[in-house]
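final16.txt follows (compact mmCIF, C-alpha atoms):
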# COMPACT_ATOMS: atom_id res chain seq x y z
CA MET I 1 -59.07 54.62 119.74
CA ALA I 2 -60.26 52.37 122.54
CA GLN I 3 -60.19 49.53 120.06
CA ALA I 4 -56.60 50.31 119.17
CA ALA I 5 -55.65 50.19 122.84
CA ALA I 6 -57.47 46.89 123.30
CA HIS I 7 -55.70 45.51 120.28
CA SER I 8 -52.27 46.54 121.54
CA SER I 9 -52.96 45.05 124.95
CA THR I 10 -54.02 41.67 123.54
CA HIS I 11 -50.94 41.74 121.34
CA HIS I 12 -48.88 42.22 124.48
CA ALA I 13 -50.61 39.31 126.23
CA HIS I 14 -49.73 36.95 123.39
CA GLY I 15 -46.18 38.27 123.13
CA GLN I 16 -44.09 38.11 120.02
CA GLN I 17 -46.03 35.82 117.70
CA HIS I 18 -44.88 35.63 114.11
CA PRO I 19 -45.40 33.06 111.36
CA ILE I 20 -43.07 30.04 111.50
CA LYS I 21 -42.30 30.52 107.82
CA LEU I 22 -40.49 33.79 108.60
CA TYR I 23 -38.18 32.02 111.06
CA LEU I 24 -37.46 29.26 108.57
CA VAL I 25 -36.62 31.77 105.81
CA VAL I 26 -34.23 33.64 108.14
CA TRP I 27 -32.68 30.33 109.26
CA VAL I 28 -32.01 29.33 105.65
CA TRP I 29 -30.49 32.76 104.94
CA LEU I 30 -28.18 32.42 107.95
CA PHE I 31 -26.94 29.10 106.55
CA ILE I 32 -26.40 30.63 103.11
CA LEU I 33 -24.52 33.64 104.52
CA SER I 34 -22.36 31.43 106.76
CA THR I 35 -21.48 29.24 103.78
CA CYS I 36 -20.58 32.40 101.82
CA SER I 37 -18.26 33.66 104.54
CA TYR I 38 -16.61 30.21 104.77
CA LEU I 39 -16.11 30.23 100.98
CA VAL I 40 -14.31 33.60 101.28
CA ASP I 41 -11.63 31.72 103.22
CA TYR I 42 -11.85 28.52 101.15
CA PHE I 43 -11.08 30.36 97.90
CA GLN I 44 -8.39 32.41 99.69
CA LEU I 45 -9.72 35.77 98.50
CA GLU I 46 -7.29 38.56 99.30
CA GLY I 47 -7.18 42.28 100.01
CA PHE I 48 -10.09 44.67 99.90
CA LEU I 49 -12.49 42.09 98.41
CA ARG I 50 -11.85 39.67 101.29
CA TYR I 51 -12.36 42.25 104.06
CA SER I 52 -15.43 43.86 102.50
CA LEU I 53 -17.10 40.46 101.95
CA ILE I 54 -16.32 39.32 105.51
CA LEU I 55 -17.83 42.54 106.91
CA LEU I 56 -20.85 42.38 104.59
CA PHE I 57 -21.78 38.79 105.48
CA MET I 58 -21.12 39.48 109.18
CA LEU I 59 -23.38 42.54 109.26
CA LEU I 60 -26.16 40.80 107.33
CA LYS I 61 -26.08 37.81 109.70
CA ALA I 62 -25.99 40.03 112.79
CA GLY I 63 -28.85 42.13 111.44
CA LEU I 64 -31.04 39.10 110.74
CA ILE I 65 -30.40 37.58 114.17
CA VAL I 66 -31.12 40.82 116.05
CA ALA I 67 -34.09 41.97 113.95
CA VAL I 68 -35.99 38.69 113.57
CA PHE I 69 -34.74 36.09 116.06
CA MET I 70 -34.42 38.64 118.88
CA HIS I 71 -37.61 40.43 117.72
CA MET I 72 -35.93 43.85 117.69
CA ALA I 73 -37.88 44.77 114.52
CA TRP I 74 -41.15 44.65 116.48
CA GLU I 75 -39.98 46.19 119.75
CA ARG I 76 -40.96 49.65 120.86
CA LEU I 77 -38.69 52.36 119.49
CA SER I 78 -37.56 53.57 122.92
CA LEU I 79 -36.16 50.10 123.73
CA VAL I 80 -34.52 49.79 120.29
CA TYR I 81 -32.74 53.13 120.70
CA ALA I 82 -31.80 52.44 124.32
CA ILE I 83 -29.94 49.33 123.11
CA LEU I 84 -28.56 50.46 119.74
CA VAL I 85 -27.46 54.05 120.42
CA PRO I 86 -24.89 53.09 123.14
CA MET I 87 -23.29 50.85 120.50
CA SER I 88 -21.88 54.00 118.87
CA ALA I 89 -19.55 54.29 121.88
CA VAL I 90 -17.98 51.00 120.75
CA LEU I 91 -17.31 52.45 117.29
CA VAL I 92 -15.65 55.51 118.84
CA PHE I 93 -13.51 53.17 120.98
CA VAL I 94 -12.52 51.22 117.85
CA ALA I 95 -11.45 54.46 116.14
CA ILE I 96 -9.41 55.58 119.17
CA MET I 97 -7.63 52.22 119.45
CA MET I 98 -6.87 52.14 115.71
CA LEU I 99 -5.04 55.47 116.06
CA GLU I 100 -3.28 54.19 119.16
CA ALA I 101 -2.25 50.90 117.52
CA ASP I 102 -0.90 52.77 114.49
CA TYR I 103 1.18 54.95 116.76
CA THR I 104 2.47 51.95 118.74
CA LEU I 105 3.47 50.17 115.54
CA PHE I 106 5.20 53.31 114.29
CA SER I 107 7.24 53.64 117.50
CA ARG I 108 8.13 49.96 117.53
CA LEU I 109 9.35 50.12 113.95
CA SER I 110 11.35 53.29 114.55
CA PHE I 111 12.92 52.42 117.89
CA PHE I 112 12.73 48.67 118.53
CA ALA I 113 12.87 47.05 115.08
CA PRO I 114 15.02 43.89 115.37
CA GLY I 115 18.44 43.86 113.68
CA GLN I 116 18.80 47.59 113.27
CA MET T 1 -61.37 52.10 137.26
CA ALA T 2 -57.62 52.32 137.65
CA GLU T 3 -57.26 49.92 134.74
CA HIS T 4 -59.49 52.16 132.70
CA THR T 5 -57.46 55.30 133.34
CA PHE T 6 -54.29 53.38 132.61
CA SER T 7 -55.53 52.17 129.24
CA ASN T 8 -56.72 55.70 128.43
CA PHE T 9 -53.27 56.98 129.22
CA GLU T 10 -51.77 54.35 126.94
CA THR T 11 -54.09 55.32 124.09
CA THR T 12 -53.19 58.98 124.19
CA HIS T 13 -49.50 58.31 124.45
CA THR T 14 -48.92 55.45 122.04
CA HIS T 15 -50.06 57.50 119.11
CA SER T 16 -46.92 59.50 118.38
CA SER T 17 -44.27 57.85 116.26
CA GLY T 18 -40.57 58.15 115.54
CA LEU T 19 -38.34 60.27 117.77
CA ARG T 20 -41.39 61.91 119.28
CA SER T 21 -42.57 58.56 120.70
CA ILE T 22 -39.16 58.08 122.33
CA ALA T 23 -39.37 61.54 123.88
CA THR T 24 -42.91 60.88 125.22
CA ASP T 25 -41.89 57.44 126.54
CA PHE T 26 -38.86 58.72 128.40
CA SER T 27 -40.58 61.86 129.73
CA SER T 28 -43.77 60.10 130.85
CA ASP T 29 -42.71 59.88 134.52
CA ARG T 30 -43.49 56.16 134.35
CA SER T 31 -41.54 53.13 133.20
CA ALA T 32 -39.90 54.15 129.91
CA PHE T 33 -40.23 50.81 128.15
CA LYS T 34 -43.99 50.42 127.73
CA ASN T 35 -45.30 47.04 126.52
CA VAL T 36 -41.97 45.59 127.59
CA SER T 37 -41.93 43.52 130.78
CA TRP T 38 -39.20 44.22 133.35
CA GLY T 39 -37.71 40.78 132.72
CA LYS T 40 -37.22 41.41 129.05
CA ALA T 41 -35.93 44.96 129.54
CA MET T 42 -33.41 43.71 132.12
CA MET T 43 -32.22 40.93 129.81
CA TRP T 44 -31.68 43.48 127.02
CA ILE T 45 -29.71 45.76 129.34
CA PHE T 46 -27.61 42.80 130.54
CA LEU T 47 -26.94 41.88 126.90
CA LEU T 48 -25.90 45.48 126.19
CA SER T 49 -23.34 45.31 129.01
CA ASP T 50 -22.17 41.91 127.76
CA THR T 51 -21.75 43.43 124.29
CA PHE T 52 -19.34 45.94 125.79
CA VAL T 53 -17.37 43.10 127.41
CA PHE T 54 -16.96 41.23 124.12
CA SER T 55 -16.34 44.47 122.21
CA SER T 56 -13.48 45.25 124.57
CA PHE T 57 -11.95 41.82 123.96
CA LEU T 58 -12.21 42.20 120.20
CA ILE T 59 -10.80 45.74 120.35
CA ALA T 60 -7.89 44.51 122.50
CA TYR T 61 -7.28 41.82 119.87
CA MET T 62 -7.41 44.42 117.09
CA THR T 63 -4.93 46.64 118.92
CA ALA T 64 -2.51 43.75 119.57
CA ARG T 65 -2.70 42.53 115.99
CA MET T 66 -2.33 45.99 114.42
CA SER T 67 0.62 47.02 116.53
CA THR T 68 2.76 43.86 116.45
CA THR T 69 5.86 43.79 114.26
CA VAL T 70 5.81 39.97 114.13
CA PRO T 71 3.56 38.29 111.50
CA TRP T 72 0.17 37.09 112.78
CA PRO T 73 -0.43 33.29 112.47
CA ASN T 74 -2.65 32.35 109.53
CA ALA T 75 -5.91 31.16 111.13
CA SER T 76 -6.88 29.38 107.93
CA GLU T 77 -3.89 27.00 108.34
CA VAL T 78 -3.89 26.84 112.14
CA PHE T 79 -7.49 25.62 112.23
CA ALA T 80 -7.30 23.34 109.19
CA LEU T 81 -8.15 19.67 109.64
CA THR T 82 -7.26 16.67 107.49
CA ILE T 83 -10.39 14.60 106.89
CA GLY T 84 -10.09 11.49 104.72
CA GLY T 85 -6.78 12.65 103.21
CA ALA T 86 -8.03 16.11 102.21
CA THR T 87 -6.86 19.17 104.17
CA LEU T 88 -9.78 21.54 104.61
CA PRO T 89 -9.08 25.06 105.86
CA LEU T 90 -11.03 26.20 108.93
CA ILE T 91 -13.43 23.25 108.60
CA LEU T 92 -13.95 22.67 112.34
CA ILE T 93 -14.86 26.33 112.85
CA ALA T 94 -17.29 26.18 109.92
CA ILE T 95 -19.02 23.13 111.44
CA MET T 96 -19.16 24.87 114.84
CA THR T 97 -20.77 27.89 113.15
CA PHE T 98 -23.43 25.71 111.53
CA VAL T 99 -24.12 23.90 114.82
CA LEU T 100 -24.63 27.22 116.62
CA ILE T 101 -26.86 28.64 113.88
CA SER T 102 -28.96 25.46 113.94
CA SER T 103 -29.34 25.86 117.70
CA SER T 104 -30.47 29.45 117.18
CA GLY T 105 -33.10 28.21 114.73
CA THR T 106 -34.43 25.57 117.14
CA MET T 107 -34.52 28.21 119.88
CA ALA T 108 -36.60 30.55 117.68
CA MET T 109 -38.99 27.63 117.06
CA ALA T 110 -39.16 26.96 120.81
CA VAL T 111 -40.18 30.60 121.47
CA ASN T 112 -42.83 30.30 118.77
CA CYS T 113 -44.25 27.09 120.30
CA ALA T 114 -44.13 28.65 123.76
CA TYR T 115 -46.47 31.46 122.70
CA ARG T 116 -48.80 28.80 121.25
CA ARG T 117 -48.68 27.23 124.75
CA ASP T 118 -47.46 23.96 123.27
CA ARG T 119 -45.73 22.64 126.38
CA ARG T 120 -44.23 19.42 124.99
CA LYS T 121 -42.89 20.85 121.73
CA THR T 122 -41.38 23.84 123.52
CA ALA T 123 -39.54 21.66 126.03
CA ALA T 124 -38.36 19.26 123.30
CA LEU T 125 -37.04 22.09 121.11
CA MET T 126 -35.27 23.66 124.09
CA LEU T 127 -33.61 20.34 124.91
CA LEU T 128 -32.51 20.05 121.27
CA THR T 129 -31.06 23.57 121.50
CA ALA T 130 -29.19 22.61 124.68
CA LEU T 131 -27.86 19.48 122.95
CA LEU T 132 -26.54 21.52 120.00
CA GLY T 133 -25.00 24.00 122.45
CA ALA T 134 -23.27 21.18 124.33
CA THR T 135 -22.00 19.82 120.98
CA PHE T 136 -20.53 23.24 120.25
CA VAL T 137 -18.72 23.33 123.60
CA GLY T 138 -17.46 19.78 122.99
CA MET T 139 -15.99 20.78 119.63
CA GLN T 140 -14.40 23.80 121.24
CA ALA T 141 -12.80 21.55 123.86
CA PHE T 142 -11.43 19.42 120.99
CA GLU T 143 -10.04 22.55 119.31
CA TRP T 144 -8.36 23.74 122.52
CA THR T 145 -6.81 20.29 123.10
CA LYS T 146 -5.46 20.20 119.55
CA LEU T 147 -3.90 23.67 119.81
CA ILE T 148 -2.42 23.04 123.25
CA HIS T 149 -0.81 19.82 121.92
CA GLU T 150 0.65 21.83 119.06
CA GLY T 151 2.32 24.13 121.59
CA VAL T 152 0.00 27.14 121.71
CA ARG T 153 0.22 28.93 125.06
CA PRO T 154 -1.02 32.37 126.13
CA TRP T 155 2.58 33.59 125.91
CA THR T 156 3.89 31.71 122.87
CA ASN T 157 3.01 29.71 119.76
CA PRO T 158 5.01 28.08 116.94
CA TRP T 159 3.70 30.29 114.11
CA GLY T 160 4.17 33.97 114.91
CA ALA T 161 2.97 36.77 117.17
CA ALA T 162 2.79 35.63 120.81
CA GLN T 163 -0.47 37.53 121.38
CA PHE T 164 -2.27 35.00 119.16
CA GLY T 165 -2.47 32.48 122.01
CA SER T 166 -3.64 34.88 124.69
CA THR T 167 -6.29 36.41 122.43
CA PHE T 168 -7.49 32.99 121.29
CA PHE T 169 -7.86 31.53 124.78
CA MET T 170 -9.41 34.72 126.15
CA ILE T 171 -12.03 35.30 123.46
CA THR T 172 -13.08 31.71 122.71
CA GLY T 173 -12.85 30.86 126.42
CA PHE T 174 -15.26 33.62 127.38
CA HIS T 175 -17.59 32.72 124.55
CA GLY T 176 -17.50 29.02 125.47
CA THR T 177 -18.31 29.94 129.06
CA HIS T 178 -21.32 31.89 127.84
CA VAL T 179 -22.50 28.90 125.80
CA THR T 180 -22.04 26.60 128.81
CA PHE T 181 -24.11 28.86 131.07
CA GLY T 182 -26.67 29.15 128.28
CA VAL T 183 -27.02 25.35 128.21
CA ILE T 184 -27.58 25.28 131.98
CA PHE T 185 -30.09 28.15 131.71
CA LEU T 186 -31.88 26.26 128.88
CA LEU T 187 -32.15 23.07 130.93
CA ILE T 188 -33.62 24.97 133.90
CA ILE T 189 -36.28 26.73 131.79
CA ALA T 190 -37.00 23.56 129.78
CA ARG T 191 -37.69 21.71 133.04
CA LYS T 192 -40.11 24.42 134.11
CA VAL T 193 -41.90 24.28 130.75
CA TRP T 194 -42.06 20.48 130.84
CA ARG T 195 -43.49 20.50 134.39
CA GLY T 196 -46.17 22.98 133.26
CA ASP T 197 -45.06 25.79 135.58
CA PHE T 198 -46.15 28.42 133.08
CA ASP T 199 -49.56 26.79 132.49
CA HIS T 200 -50.40 26.53 136.20
CA GLU T 201 -48.66 29.80 137.13
CA ARG T 202 -46.62 27.96 139.71
CA LYS T 203 -44.55 30.27 141.88
CA GLY T 204 -40.81 30.43 141.29
CA PHE T 205 -38.50 28.84 143.86
CA PHE T 206 -36.35 31.95 144.44
CA THR T 207 -38.65 34.78 143.41
CA SER T 208 -42.11 33.48 144.50
CA ARG T 209 -43.44 35.18 141.36
CA LYS T 210 -45.77 33.52 138.91
CA GLY T 211 -43.96 32.67 135.71
CA ASN T 212 -45.31 32.84 132.18
CA TYR T 213 -44.20 31.75 128.75
CA GLU T 214 -42.32 35.00 128.20
CA ALA T 215 -39.51 33.35 130.19
CA VAL T 216 -38.83 31.25 127.09
CA GLU T 217 -38.49 34.35 124.92
CA ILE T 218 -36.13 35.97 127.44
CA MET T 219 -34.08 32.77 127.49
CA GLY T 220 -34.11 32.95 123.68
CA LEU T 221 -32.70 36.50 123.76
CA TYR T 222 -29.67 35.25 125.69
CA TRP T 223 -29.16 32.28 123.38
CA HIS T 224 -29.40 34.35 120.19
CA PHE T 225 -26.94 36.80 121.70
CA VAL T 226 -24.40 34.00 122.17
CA ASP T 227 -24.87 33.15 118.49
CA LEU T 228 -24.52 36.84 117.60
CA VAL T 229 -21.20 37.13 119.42
CA TRP T 230 -19.95 34.07 117.53
CA VAL T 231 -20.78 35.81 114.23
CA PHE T 232 -18.35 38.59 115.17
CA ILE T 233 -15.67 36.23 116.53
CA PHE T 234 -15.90 34.10 113.37
CA ALA T 235 -15.49 37.17 111.14
CA PHE T 236 -12.74 38.97 113.05
CA PHE T 237 -10.70 36.22 114.68
CA TYR T 238 -10.98 33.30 112.26
CA LEU T 239 -11.58 34.87 108.85
CA TRP T 240 -9.76 38.23 108.98
As structure tokens, please, write out the structure in this file.
Amino acid sequence: MAQAAAHSSTHHAHGQQHPIKLYLVVWVWLFILSTCSYLVDYFQLEGFLRYSLILLFMLLKAGLIVAVFMHMAWERLSLVYAILVPMSAVLVFVAIMMLEADYTLFSRLSFFAPGQ
Amino acid sequence: MAEHTFSNFETTHTHSSGLRSIATDFSSDRSAFKNVSWGKAMMWIFLLSDTFVFSSFLIAYMTARMSTTVPWPNASEVFALTIGGATLPLILIAIMTFVLISSSGTMAMAVNCAYRRDRRKTAALMLLTALLGATFVGMQAFEWTKLIHEGVRPWTNPWGAAQFGSTFFMITGFHGTHVTFGVIFLLIIARKVWRGDFDHERKGFFTSRKGNYEAVEIMGLYWHFVDLVWVFIFAFFYLW
């Protein structure tokens, strides 16, 4: 047990040290994913396919940056939750504003549509 | 002796895992983020608040775009450039994305070198990161100039919904400001690394505290965050 504590304290002293190869692999993946999302626009994909691909590549890139480059994957769980859980408030806000925007569009179309 | 008790405390309390470890950390009547220095914890909390700022901008954009009865301008055409006779959609934005991702990669390398205490390489990689960041801001200035010449204003534009201009200037303007401050922040830390402040534990000018190489990692957190925000702006504003 004492050894485990000693190990964790030396780990802390040296900070977040990970093999360079890992960073290079993630870097290459970020380039590939960015190229993919550019190609979505280049080939003018439409509809559901376009939006799902944009979201997929975006989330993969964001996940790689946060987990590896920002070292979130190795941080203590209490810090990870303290940062990630409040993000759910943003999703709730998005949902609220989608309802609101729908309603605004509905009223504009019913009462202020040009030429009616 | 105090050290000893402290490490004993750590041993007994670092053993639990999952949700239980979070509960023990937060109910320990001590700092909740163990193994995390105050500098890093504060940077994360700042980044969380900054995430809310950018989220609000993107949500405002979503609301404006969803509720307008006028067609939204096609970003693919608005940001197209003609290079050597060929019109490429969104090409400038794609190049800006690659520049920013490259800078994130060099920053990650700088953090790695910093923990190896390789003073010269760390400073050089940070300067390269700052250079790529400045390139990004330069390209953004070019983009703004082009759009302003084409008649885009916060209240009007030639292609459709008026909110396009205000959203564009607001979101990319705030992001560009973040990149600019990041470049300044990078140059300051790079100078400290180059001078050997973190090797000799020289005291900081404002804080009088001894610095260490973790400052480079904290700087890296900010820089990667700027890249992260661009991922979302690229997806929602330029591609959607």
**OP:** Take atom CA of Ser34 of chain I and atom CA of Ile101 of chain T and report the distance between them in Å, one decimal.
**Re:** 8.9 Å
Subject >> For segment 29-33 of chain I: contacts at 6 Å, only C-alpha atoms, fewer than 3 positions along chain excluded, given as a VMD selection string >> reply: chain I and resid 26 36 57
**OP:** Provide as a list in words the residues of chain T at most 6 Å from chain I, counting only C-alpha atoms.
**Re:**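 Selected residues: Thr11, Ile22, Thr63, Met66, Ser67, Gly105, Leu221 and Leu228 of chain T.
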Original post:
For Ala64 of chain T, which residue among T:Phe181, T:Phe198, T:Phe234, T:Ala161 is the nearest when counting all atoms listed in the file?
Top reply: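 Nearest to Ala64 of chain T: T:Ala161.
For the pair atom CA of Trp194 of chain T and atom CA of Thr207 of chain T, the separation is 19.3 Å.
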Subject >> Interatomic distance (Å, one decimal) between atom CA of Ala124 of chain T and atom CA of Met139 of chain T >> reply: 22.7 Å
**OP:** Give as number ranges by chain each residue that has an atom at most 12 Å from (-42.7, 56.5, 125.0) in the file, counting only C-alpha atoms.
**Re:** I: 75-82; T: 9-36
Subject >> Pick from T:Gly220, T:Pro71, T:Gly211, T:Gly151, whichever lies nearest to Asn112 of chain T using all atoms listed in the file >> reply: T:Gly220
**OP:** Do a neighbour search on Pro154 of chain T at 9 Å with only C-alpha atoms, toss out local chain neighbours closer than 2 positions, and write the hits as a list in words.
**Re:**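 My list of contacting residues is Val152, Thr156, Asn157, Ala162, Gln163, Phe164, Gly165, Ser166, Thr167, Phe168, Phe169 and Met170 of chain T.
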